[in-house]
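data.pdb (PDB, C-alpha atoms, pLDDT in the B column)
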```
MODEL        1
ATOM      1  CA  MET A   1      43.010  86.604 226.400  1.00 35.00           C
ATOM      2  CA  THR A   2      44.541  87.525 223.060  1.00 32.00           C
ATOM      3  CA  GLN A   3      46.070  84.075 222.745  1.00 33.00           C
ATOM      4  CA  LEU A   4      42.653  82.500 223.205  1.00 34.00           C
ATOM      5  CA  LEU A   5      41.119  84.706 220.497  1.00 36.00           C
ATOM      6  CA  ALA A   6      44.045  84.006 218.177  1.00 37.00           C
ATOM      7  CA  PHE A   7      43.627  80.296 218.810  1.00 37.00           C
ATOM      8  CA  ARG A   8      39.891  80.298 218.136  1.00 44.00           C
ATOM      9  CA  PRO A   9      39.995  81.014 214.361  1.00 49.00           C
ATOM     10  CA  THR A  10      42.699  78.395 213.945  1.00 50.00           C
ATOM     11  CA  ALA A  11      40.607  75.815 215.848  1.00 49.00           C
ATOM     12  CA  LEU A  12      37.532  76.680 213.783  1.00 47.00           C
ATOM     13  CA  ALA A  13      39.509  76.381 210.552  1.00 51.00           C
ATOM     14  CA  MET A  14      40.882  72.988 211.624  1.00 53.00           C
ATOM     15  CA  ALA A  15      37.388  71.787 212.603  1.00 52.00           C
ATOM     16  CA  ALA A  16      36.030  72.899 209.220  1.00 55.00           C
ATOM     17  CA  LEU A  17      38.844  71.022 207.444  1.00 51.00           C
ATOM     18  CA  ALA A  18      38.162  67.910 209.501  1.00 55.00           C
ATOM     19  CA  LEU A  19      34.434  68.060 208.687  1.00 54.00           C
ATOM     20  CA  SER A  20      35.063  68.514 204.971  1.00 57.00           C
ATOM     21  CA  ALA A  21      37.478  65.574 205.042  1.00 54.00           C
ATOM     22  CA  CYS A  22      34.767  63.456 206.706  1.00 55.00           C
ATOM     23  CA  GLU A  23      32.270  64.484 204.034  1.00 56.00           C
ATOM     24  CA  ALA A  24      34.751  63.513 201.323  1.00 56.00           C
ATOM     25  CA  LEU A  25      35.203  60.095 202.942  1.00 63.00           C
ATOM     26  CA  THR A  26      31.449  59.530 203.416  1.00 69.00           C
ATOM     27  CA  PRO A  27      30.154  57.696 200.363  1.00 74.00           C
ATOM     28  CA  ALA A  28      27.224  59.159 198.472  1.00 78.00           C
ATOM     29  CA  PRO A  29      23.957  57.338 199.135  1.00 81.00           C
ATOM     30  CA  PRO A  30      23.365  54.519 196.657  1.00 79.00           C
ATOM     31  CA  PRO A  31      20.946  55.088 193.795  1.00 88.00           C
ATOM     32  CA  PRO A  32      17.403  53.912 194.561  1.00 93.00           C
ATOM     33  CA  CYS A  33      15.931  50.480 193.963  1.00 94.00           C
ATOM     34  CA  PRO A  34      12.681  50.296 191.981  1.00 96.00           C
ATOM     35  CA  ASP A  35       9.461  50.716 193.970  1.00 95.00           C
ATOM     36  CA  VAL A  36       7.586  47.462 194.573  1.00 95.00           C
ATOM     37  CA  ALA A  37       3.778  47.293 194.666  1.00 95.00           C
ATOM     38  CA  LEU A  38       1.309  44.491 195.270  1.00 95.00           C
ATOM     39  CA  VAL A  39      -1.486  44.481 192.656  1.00 95.00           C
ATOM     40  CA  SER A  40      -4.640  45.115 194.714  1.00 91.00           C
ATOM     41  CA  ASP A  41      -6.983  42.844 192.690  1.00 92.00           C
ATOM     42  CA  ALA A  42      -4.347  40.079 192.675  1.00 96.00           C
ATOM     43  CA  ALA A  43      -2.889  40.347 196.196  1.00 96.00           C
ATOM     44  CA  THR A  44      -5.169  37.608 197.576  1.00 97.00           C
ATOM     45  CA  ILE A  45      -6.437  34.294 196.302  1.00 97.00           C
ATOM     46  CA  THR A  46      -9.115  31.885 197.452  1.00 96.00           C
ATOM     47  CA  LYS A  47      -8.746  28.581 195.640  1.00 95.00           C
ATOM     48  CA  PHE A  48     -11.813  26.325 195.532  1.00 95.00           C
ATOM     49  CA  VAL A  49     -12.171  22.678 194.536  1.00 92.00           C
ATOM     50  CA  GLU A  50     -13.290  22.085 190.960  1.00 90.00           C
ATOM     51  CA  GLY A  51     -17.037  22.384 190.543  1.00 86.00           C
ATOM     52  CA  PRO A  52     -19.787  24.871 191.300  1.00 85.00           C
ATOM     53  CA  GLY A  53     -19.470  24.953 195.119  1.00 79.00           C
ATOM     54  CA  ARG A  54     -18.196  28.232 196.582  1.00 84.00           C
ATOM     55  CA  ASP A  55     -18.837  27.970 200.303  1.00 86.00           C
ATOM     56  CA  LEU A  56     -16.337  27.494 203.136  1.00 89.00           C
ATOM     57  CA  THR A  57     -16.259  23.702 202.787  1.00 91.00           C
ATOM     58  CA  ASP A  58     -15.093  24.059 199.151  1.00 94.00           C
ATOM     59  CA  VAL A  59     -11.948  26.097 199.970  1.00 95.00           C
ATOM     60  CA  LEU A  60      -8.613  24.424 199.205  1.00 96.00           C
ATOM     61  CA  TYR A  61      -6.580  27.367 200.460  1.00 96.00           C
ATOM     62  CA  GLU A  62      -6.539  31.117 200.933  1.00 97.00           C
ATOM     63  CA  ALA A  63      -3.411  33.224 200.555  1.00 97.00           C
ATOM     64  CA  GLN A  64      -2.407  36.846 200.774  1.00 97.00           C
ATOM     65  CA  LEU A  65       0.790  38.477 199.568  1.00 97.00           C
ATOM     66  CA  VAL A  66       2.362  40.211 202.558  1.00 96.00           C
ATOM     67  CA  ASN A  67       5.804  41.301 201.419  1.00 94.00           C
ATOM     68  CA  ALA A  68       8.015  41.625 198.369  1.00 94.00           C
ATOM     69  CA  ALA A  69      11.359  43.086 199.345  1.00 90.00           C
ATOM     70  CA  GLY A  70      14.992  42.738 198.521  1.00 89.00           C
ATOM     71  CA  ALA A  71      18.106  44.514 197.432  1.00 94.00           C
ATOM     72  CA  CYS A  72      19.560  45.895 194.249  1.00 95.00           C
ATOM     73  CA  ASN A  73      23.031  46.288 192.836  1.00 96.00           C
ATOM     74  CA  TYR A  74      24.147  48.668 190.094  1.00 96.00           C
ATOM     75  CA  ASP A  75      26.790  47.776 187.498  1.00 95.00           C
ATOM     76  CA  VAL A  76      27.204  50.951 185.435  1.00 94.00           C
ATOM     77  CA  GLU A  77      30.072  51.919 183.132  1.00 95.00           C
ATOM     78  CA  LYS A  78      31.509  55.296 184.087  1.00 92.00           C
ATOM     79  CA  GLU A  79      32.213  56.291 180.471  1.00 95.00           C
ATOM     80  CA  THR A  80      28.755  55.614 179.034  1.00 95.00           C
ATOM     81  CA  GLY A  81      26.522  55.755 182.134  1.00 92.00           C
ATOM     82  CA  ALA A  82      24.766  52.611 180.868  1.00 96.00           C
ATOM     83  CA  GLY A  83      24.736  49.254 182.577  1.00 96.00           C
ATOM     84  CA  THR A  84      22.590  46.855 184.558  1.00 97.00           C
ATOM     85  CA  LEU A  85      20.537  47.004 187.722  1.00 96.00           C
ATOM     86  CA  ASP A  86      20.296  43.583 189.394  1.00 97.00           C
ATOM     87  CA  VAL A  87      17.377  43.064 191.769  1.00 96.00           C
ATOM     88  CA  ASP A  88      17.094  40.118 194.180  1.00 96.00           C
ATOM     89  CA  MET A  89      13.654  40.008 195.768  1.00 95.00           C
ATOM     90  CA  ALA A  90      11.870  37.596 198.096  1.00 96.00           C
ATOM     91  CA  VAL A  91       8.081  37.233 197.944  1.00 97.00           C
ATOM     92  CA  SER A  92       6.268  36.226 201.157  1.00 97.00           C
ATOM     93  CA  MET A  93       2.662  35.217 201.660  1.00 97.00           C
ATOM     94  CA  GLU A  94       0.367  34.224 204.506  1.00 98.00           C
ATOM     95  CA  MET A  95      -1.525  31.043 203.738  1.00 97.00           C
ATOM     96  CA  ALA A  96      -4.440  29.194 205.297  1.00 97.00           C
ATOM     97  CA  ARG A  97      -5.357  25.593 204.514  1.00 96.00           C
ATOM     98  CA  GLY A  98      -9.036  25.158 203.665  1.00 95.00           C
ATOM     99  CA  PRO A  99     -11.370  22.341 204.752  1.00 95.00           C
ATOM    100  CA  ALA A 100     -11.360  20.818 201.234  1.00 95.00           C
ATOM    101  CA  ASN A 101      -7.555  20.434 201.231  1.00 94.00           C
ATOM    102  CA  ARG A 102      -7.029  16.788 202.202  1.00 92.00           C
ATOM    103  CA  ASP A 103      -3.329  16.292 201.396  1.00 93.00           C
ATOM    104  CA  GLY A 104      -1.971  19.558 202.857  1.00 94.00           C
ATOM    105  CA  ARG A 105      -0.209  20.523 199.610  1.00 95.00           C
ATOM    106  CA  VAL A 106      -0.795  23.764 197.733  1.00 94.00           C
ATOM    107  CA  ALA A 107       0.560  24.792 194.329  1.00 94.00           C
ATOM    108  CA  VAL A 108       0.671  28.579 194.315  1.00 96.00           C
ATOM    109  CA  ARG A 109       1.362  30.705 191.225  1.00 97.00           C
ATOM    110  CA  TYR A 110       2.292  34.372 191.149  1.00 98.00           C
ATOM    111  CA  PHE A 111       3.869  36.880 188.783  1.00 97.00           C
ATOM    112  CA  VAL A 112       6.462  39.621 188.965  1.00 97.00           C
ATOM    113  CA  ALA A 113       6.179  42.371 186.346  1.00 97.00           C
ATOM    114  CA  LEU A 114       8.604  45.204 185.628  1.00 97.00           C
ATOM    115  CA  THR A 115       7.337  48.457 184.118  1.00 97.00           C
ATOM    116  CA  GLY A 116       9.113  51.531 182.802  1.00 94.00           C
ATOM    117  CA  THR A 117       8.375  55.222 183.268  1.00 84.00           C
ATOM    118  CA  ASP A 118       5.438  55.125 180.823  1.00 89.00           C
ATOM    119  CA  GLY A 119       3.887  52.141 182.605  1.00 90.00           C
ATOM    120  CA  GLU A 120       4.716  49.781 179.731  1.00 95.00           C
ATOM    121  CA  ILE A 121       5.527  46.217 180.794  1.00 96.00           C
ATOM    122  CA  ILE A 122       9.200  45.528 180.133  1.00 94.00           C
ATOM    123  CA  ASP A 123       9.328  42.044 181.658  1.00 95.00           C
ATOM    124  CA  ARG A 124       6.804  39.668 183.247  1.00 96.00           C
ATOM    125  CA  GLN A 125       7.763  36.375 184.844  1.00 96.00           C
ATOM    126  CA  ARG A 126       5.618  33.627 186.363  1.00 97.00           C
ATOM    127  CA  PHE A 127       6.637  31.656 189.421  1.00 97.00           C
ATOM    128  CA  GLU A 128       5.208  28.578 191.064  1.00 96.00           C
ATOM    129  CA  GLY A 129       5.885  27.037 194.422  1.00 94.00           C
ATOM    130  CA  VAL A 130       4.573  24.051 196.315  1.00 95.00           C
ATOM    131  CA  VAL A 131       3.700  24.684 199.939  1.00 96.00           C
ATOM    132  CA  GLU A 132       3.119  21.903 202.451  1.00 96.00           C
ATOM    133  CA  PHE A 133       1.046  22.214 205.581  1.00 95.00           C
ATOM    134  CA  ILE A 134       2.728  19.665 207.863  1.00 92.00           C
ATOM    135  CA  GLY A 135       0.659  17.759 210.409  1.00 89.00           C
ATOM    136  CA  ASN A 136      -2.375  19.631 211.672  1.00 88.00           C
ATOM    137  CA  ARG A 137      -0.945  22.990 210.745  1.00 93.00           C
ATOM    138  CA  SER A 138      -3.558  25.155 209.079  1.00 95.00           C
ATOM    139  CA  ARG A 139      -1.762  28.537 208.782  1.00 97.00           C
ATOM    140  CA  LEU A 140       1.754  29.563 207.808  1.00 97.00           C
ATOM    141  CA  VAL A 141       3.895  32.277 206.253  1.00 97.00           C
ATOM    142  CA  TRP A 142       5.806  31.066 203.213  1.00 97.00           C
ATOM    143  CA  THR A 143       8.659  32.818 201.420  1.00 96.00           C
ATOM    144  CA  ASP A 144       9.626  31.595 197.970  1.00 95.00           C
ATOM    145  CA  GLU A 145      13.161  31.362 196.644  1.00 94.00           C
ATOM    146  CA  PRO A 146      14.520  34.774 195.607  1.00 94.00           C
ATOM    147  CA  VAL A 147      13.351  36.279 192.342  1.00 94.00           C
ATOM    148  CA  TYR A 148      16.150  37.735 190.223  1.00 95.00           C
ATOM    149  CA  LEU A 149      15.648  40.588 187.745  1.00 95.00           C
ATOM    150  CA  ALA A 150      18.363  42.046 185.509  1.00 95.00           C
ATOM    151  CA  ILE A 151      17.252  45.498 184.358  1.00 96.00           C
ATOM    152  CA  PRO A 152      19.195  47.107 181.490  1.00 95.00           C
ATOM    153  CA  LEU A 153      19.932  50.762 182.219  1.00 95.00           C
ATOM    154  CA  LYS A 154      20.406  53.543 179.711  1.00 94.00           C
ATOM    155  CA  ALA A 155      22.616  56.489 180.597  1.00 95.00           C
ATOM    156  CA  GLY A 156      21.026  58.475 183.428  1.00 92.00           C
ATOM    157  CA  GLN A 157      18.486  55.833 184.429  1.00 94.00           C
ATOM    158  CA  THR A 158      18.129  54.613 188.018  1.00 95.00           C
ATOM    159  CA  GLY A 159      15.795  52.287 189.860  1.00 95.00           C
ATOM    160  CA  SER A 160      13.301  55.125 190.259  1.00 95.00           C
ATOM    161  CA  ASP A 161      12.640  54.872 186.503  1.00 96.00           C
ATOM    162  CA  PHE A 162      11.063  51.442 187.015  1.00 97.00           C
ATOM    163  CA  LYS A 163       8.357  49.820 189.120  1.00 97.00           C
ATOM    164  CA  ILE A 164       7.894  46.189 190.103  1.00 97.00           C
ATOM    165  CA  TYR A 165       4.406  44.696 190.515  1.00 97.00           C
ATOM    166  CA  VAL A 166       3.652  41.405 192.259  1.00 98.00           C
ATOM    167  CA  GLY A 167       0.366  39.469 192.214  1.00 97.00           C
ATOM    168  CA  TYR A 168      -1.176  36.020 192.068  1.00 98.00           C
ATOM    169  CA  GLU A 169      -1.902  34.364 188.727  1.00 97.00           C
ATOM    170  CA  LEU A 170      -5.710  34.481 188.819  1.00 96.00           C
ATOM    171  CA  SER A 171      -8.498  33.299 186.561  1.00 94.00           C
ATOM    172  CA  ARG A 172     -11.188  35.790 185.549  1.00 93.00           C
ATOM    173  CA  GLU A 173     -13.518  34.155 188.108  1.00 92.00           C
ATOM    174  CA  GLU A 174     -10.917  34.576 190.884  1.00 92.00           C
ATOM    175  CA  VAL A 175     -10.448  38.267 190.066  1.00 93.00           C
ATOM    176  CA  GLU A 176     -14.231  38.777 190.230  1.00 92.00           C
ATOM    177  CA  PHE A 177     -14.355  36.912 193.554  1.00 91.00           C
ATOM    178  CA  ASN A 178     -11.689  39.278 194.954  1.00 90.00           C
ATOM    179  CA  ARG A 179     -13.481  42.370 193.648  1.00 90.00           C
ATOM    180  CA  ASN A 180     -16.837  41.245 195.064  1.00 87.00           C
ATOM    181  CA  ARG A 181     -15.311  40.469 198.440  1.00 81.00           C
ATOM    182  CA  THR A 182     -13.581  43.874 198.533  1.00 73.00           C
ATOM    183  CA  ALA A 183     -16.789  45.644 197.480  1.00 71.00           C
ATOM    184  CA  GLY A 184     -18.640  43.872 200.309  1.00 61.00           C
ATOM    185  CA  ILE A 185     -16.074  45.129 202.831  1.00 58.00           C
ATOM    186  CA  ARG A 186     -16.420  48.745 201.639  1.00 49.00           C
ATOM    187  CA  ARG A 187     -20.201  48.862 202.129  1.00 43.00           C
TER     188      ARG A 187
ENDMDL
END
```

Exercise: express the given structure as structure tokens:
Amino acid sequence: MTQLLAFRPTALAMAALALSACEALTPAPPPPCPDVALVSDAATITKFVEGPGRDLTDVLYEAQLVNAAGACNYDVEKETGAGTLDVDMAVSMEMARGPANRDGRVAVRYFVALTGTDGEIIDRQRFEGVVEFIGNRSRLVWTDEPVYLAIPLKAGQTGSDFKIYVGYELSREEVEFNRNRTAGIRR
């Protein structure tokens, strides 16, 4: 029995050493990517034909942003703590072809904006893609080519110091249409 008790502290010490060695080999979690948000007033679009008509037969297409996700990579100098945060992000949207859309082609425009800790816009880029509804297809999910952002980092900054916003490029009339439709849903 004494041998077993003498062995126990040695086994515990060896287990503790093994665990600490595993912790040393386990890499620290990567720094965070910036949060991504869809702008509520600009997360949907209903595009009508030119002119005063605004009923169902005048709709060219409807679209809704459904996802903006990706990955980020840090390139930071150890001496200064400054560097760059590269973000690759794909934007996806659900789209529906409207009755007024005869050729099945849609030109969709959206923006990606980067803000800092104070909410100031650091960068804003516009993107455009052409979507084709092939055959009789009237609905689809479309993902654009990846969006690339290079964010300069000061010493101590991480992705959590920034926020990325995504929305459709809308006219004033289109924003009002979205707000009125949302207000009607809330009632």

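Reported to one decimal place, the separation of atom CA of A:Asp86 from atom CA of A:Val108 is 25.2 Å.
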
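Among the candidate residues A:Leu65, A:Leu153, A:Ala100, A:Leu56, the one lying nearest to A:Val166 is A:Leu65, with distances computed using all atoms listed in the file.
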
Atom CA of A:Leu85 to atom CA of A:Trp142, distance in Å rounded to a single decimal: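 Separation of atom CA of A:Leu85 and atom CA of A:Trp142: 26.7 Å.
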
Nearest to A:Val91 by atom-to-atom distance, counting only C-alpha atoms, from A:Pro29, A:Gly51, A:Pro146, A:Gly135: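 Distance minimum relative to A:Val91 lands on A:Pro146.
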
Pick from A:Thr115, A:Asn180, A:Gln157, A:Asn136 nearest to A:Thr80, counting only C-alpha atoms: A:Gln157

Exercise: A:Val87 partners within 12 Å, all atoms listed in the file, chain neighbours under 4 positions left out, as a list in words: Pro32, Cys33, Pro34, Asp35, Val36, Ala68, Ala69, Gly70, Ala71, Cys72, Asn73, Tyr74, Asp75, Val112, Leu114, Pro146, Val147, Tyr148, Leu149, Ala150, Ile151, Pro152, Gly159, Phe162, Lys163 and Ile164 of chain A

Closest of A:Val39, A:Val59, A:Ala155, A:Ala96 to A:Ala113 - atom-to-atom distances counting all atoms listed in the file: A:Val39

Point-to-point distance from atom CA of A:Glu169 to atom CA of A:Arg126, Å rounded to tenths: 7.9 Å

Minimum-distance residue to A:Gln125, chosen among A:Phe48, A:Phe177, A:Tyr61, A:Tyr165 (using only C-alpha atoms):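 Counting only C-alpha atoms, the residue closest to A:Gln125 is A:Tyr165.
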
Who sits within 12 Å of A:Ser138, all atoms listed in the file, same chain under 3 positions skipped, as an MDAnalysis selection string: chainID A and resid 60:63 94:106 131:135 141

Protein/DNA/RNA residues near (0.0, 38.8, 197.2), cut 6 Å, only C-alpha atoms, as a ChimeraX atom specification: /A:43-44,64-65,167-168

Residue among A:Glu145, A:Gly53, A:Phe127, A:Gly116 lying closest to A:Ser92, counting only C-alpha atoms: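 Distance minimum relative to A:Ser92 lands on A:Glu145.
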